[in-house]
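A.B. asks: The structure under discussion is supplied below as structure tokens; questions concerning it will follow.
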Amino acid sequence: MRDPHAIIIRPVVTEKAMRGTEGTRPTHAYTFEVDRGANKIEIRQAVEKIWPVKVLHVRTQRVMGKTKRFRFRVGRRPSWKKAVVTLKEGHRIEIL
């Protein structure tokens with residue numbers, strides 16, 4: 001198994017992603033940027049190793065990089081993979 005910190009790159013801290021952590025819904029969902037080659041089982045094991053929580057389920061999504069202009073050229077931001085991890089009732093991750 002790979003290093004859990006190599007699978008979980010960073011938490012995604014946006015308004016939309018943080019809405020799932022507020023507890024307005026009965027589930028607690030946390031969004032992470034993960035390694036593009038990681039599957040759902042590896043993501044679940046990495047989260048459970050880094051933090052003392054139980055994962056209910058994992059949803060993944062490939063995010064395509066945006067096209068941006070850099071001076072007189074057109075470039076592209078890199079694509080990345082996002083994972084939304086839902087924890088069992090009563091479990092929390094202190095991100096901030």
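So you can find residues: chains in the structure tokens are A, B, ... in the order shown, residues in each start at 1, and ligands are numbered from 1 in order.
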Could you give me the residues within chain A that DSSP places in strand (DSSP E), as an NGL selection string?

C.D. replies: :A and (8-11 or 28-34 or 55-63 or 67-70 or 73-76 or 80-87)

A.B. asks: Would you kindly return, as a ChimeraX atom specification, each protein, DNA or RNA residue with an atom no farther than 12 Å from any atom of Gly37 in chain A, considering only C-alpha atoms and excluding same-chain residues fewer than 4 positions away?

C.D. replies: /A:2,6-8,33,41-43,60-62,80-82

A.B. asks: Write out the residues from the selection above, keeping C-alpha atoms, as a PDB file, in the first residue's frame.

C.D. replies:
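To be explicit, this is the file written out as part-v8.pdb:
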ATOM      1  CA  ARG A   2       1.156   3.511  -0.805  1.00  0.00           C
ATOM      2  CA  ALA A   6       0.692  10.591  -1.123  1.00  0.00           C
ATOM      3  CA  ILE A   7      -2.926   9.637  -1.877  1.00  0.00           C
ATOM      4  CA  ILE A   8      -4.621  12.527  -0.029  1.00  0.00           C
ATOM      5  CA  GLU A  33      -7.847  16.523  -3.879  1.00  0.00           C
ATOM      6  CA  ILE A  41     -10.610   1.674  -1.716  1.00  0.00           C
ATOM      7  CA  GLU A  42      -7.190   3.349  -1.444  1.00  0.00           C
ATOM      8  CA  ILE A  43      -8.833   6.701  -0.628  1.00  0.00           C
ATOM      9  CA  THR A  60     -14.792  10.428  -6.966  1.00  0.00           C
ATOM     10  CA  GLN A  61     -14.763  12.841  -9.861  1.00  0.00           C
ATOM     11  CA  ARG A  62     -12.187  13.851 -12.463  1.00  0.00           C
ATOM     12  CA  TRP A  80      -7.006  16.674 -11.026  1.00  0.00           C
ATOM     13  CA  LYS A  81      -9.136  14.179  -9.145  1.00  0.00           C
ATOM     14  CA  LYS A  82     -11.610  15.058  -6.401  1.00  0.00           C
TER      15      LYS A  82
END

A.B. asks: Just give me the gap between CA of Arg92 in chain A and CA of His28 in chain A in Å, one decimal is fine.

C.D. replies: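 One can read the CA of Arg92 in chain A to CA of His28 in chain A distance as 7.3 Å.
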
A.B. asks: Do you have the CA of His91 in chain A-CA of Tyr30 in chain A distance handy?

C.D. replies: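 CA of Tyr30 in chain A lies 11.3 Å from CA of His91 in chain A.
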
A.B. asks: At what distance in Å, to one decimal, does CA of Ser79 in chain A lie from CA of Ala46 in chain A?

C.D. replies: 21.4 Å

A.B. asks: Which is closer to Asn39 in chain A than all the others in A:Ala83, A:Phe70, A:Pro78, A:Gly65, using only C-alpha atoms?

C.D. replies: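 Of the candidates, the smallest distance to Asn39 in chain A is held by A:Ala83.
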
A.B. asks: Using DSSP on the backbone, list every residue of chain A that comes out as helix (DSSP H, G or I), and give them as a list in words.

C.D. replies: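 Listing helix (DSSP H, G or I) positions across chain A yields Pro4, His5, Ala6, Ile7, Glu15, Lys16, Ala17, Met18, Arg19, Lys40, Ile41, Glu42, Ile43, Arg44, Gln45, Ala46, Val47, Glu48, Lys49 and Ile50 of chain A.
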
A.B. asks: For Ala17 in chain A, which residue out of A:Val34, A:Val63, A:Val85, A:Val58 is the nearest one, using only C-alpha atoms?

C.D. replies: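 Comparing A:Val34, A:Val63, A:Val85, A:Val58 against Ala17 in chain A, the winner is A:Val85.
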
A.B. asks: Write out as number ranges by chain which residues come within 12 Å of Glu94 in chain A when counting only C-alpha atoms, dropping same-chain ones fewer than 4 positions away.

C.D. replies: A: 11, 18, 21-22, 28, 30, 50-53

A.B. asks: For the selection just defined, write its residues with N, CA and C atoms to a file, as a tab-separated table (two decimals), in the first residue's frame.

C.D. replies:
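Result went into again.tsv, see below:
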chain	number	residue	atom	x	y	z
A	11	PRO	N	-7.03	19.09	1.36
A	11	PRO	CA	-8.48	19.29	1.41
A	11	PRO	C	-8.89	20.41	0.47
A	18	MET	N	-17.33	23.17	1.74
A	18	MET	CA	-17.48	23.31	3.18
A	18	MET	C	-18.93	23.19	3.64
A	21	THR	N	-19.58	19.93	5.40
A	21	THR	CA	-19.00	19.70	6.72
A	21	THR	C	-19.75	20.42	7.82
A	22	GLU	N	-20.69	21.28	7.47
A	22	GLU	CA	-21.39	22.06	8.49
A	22	GLU	C	-22.35	21.24	9.32
A	28	HIS	N	-21.77	13.85	7.23
A	28	HIS	CA	-20.64	14.77	7.15
A	28	HIS	C	-19.80	14.37	5.95
A	30	TYR	N	-16.61	15.39	3.37
A	30	TYR	CA	-15.38	16.16	3.25
A	30	TYR	C	-14.82	15.95	1.86
A	50	ILE	N	-5.05	8.28	8.30
A	50	ILE	CA	-4.60	9.61	8.70
A	50	ILE	C	-5.41	10.12	9.89
A	51	TRP	N	-6.73	9.96	9.84
A	51	TRP	CA	-7.61	10.43	10.92
A	51	TRP	C	-8.33	9.24	11.55
A	52	PRO	N	-8.64	9.28	12.84
A	52	PRO	CA	-9.34	8.17	13.50
A	52	PRO	C	-10.86	8.24	13.25
A	53	VAL	N	-11.27	7.96	12.01
A	53	VAL	CA	-12.68	8.03	11.63
A	53	VAL	C	-13.06	6.77	10.86
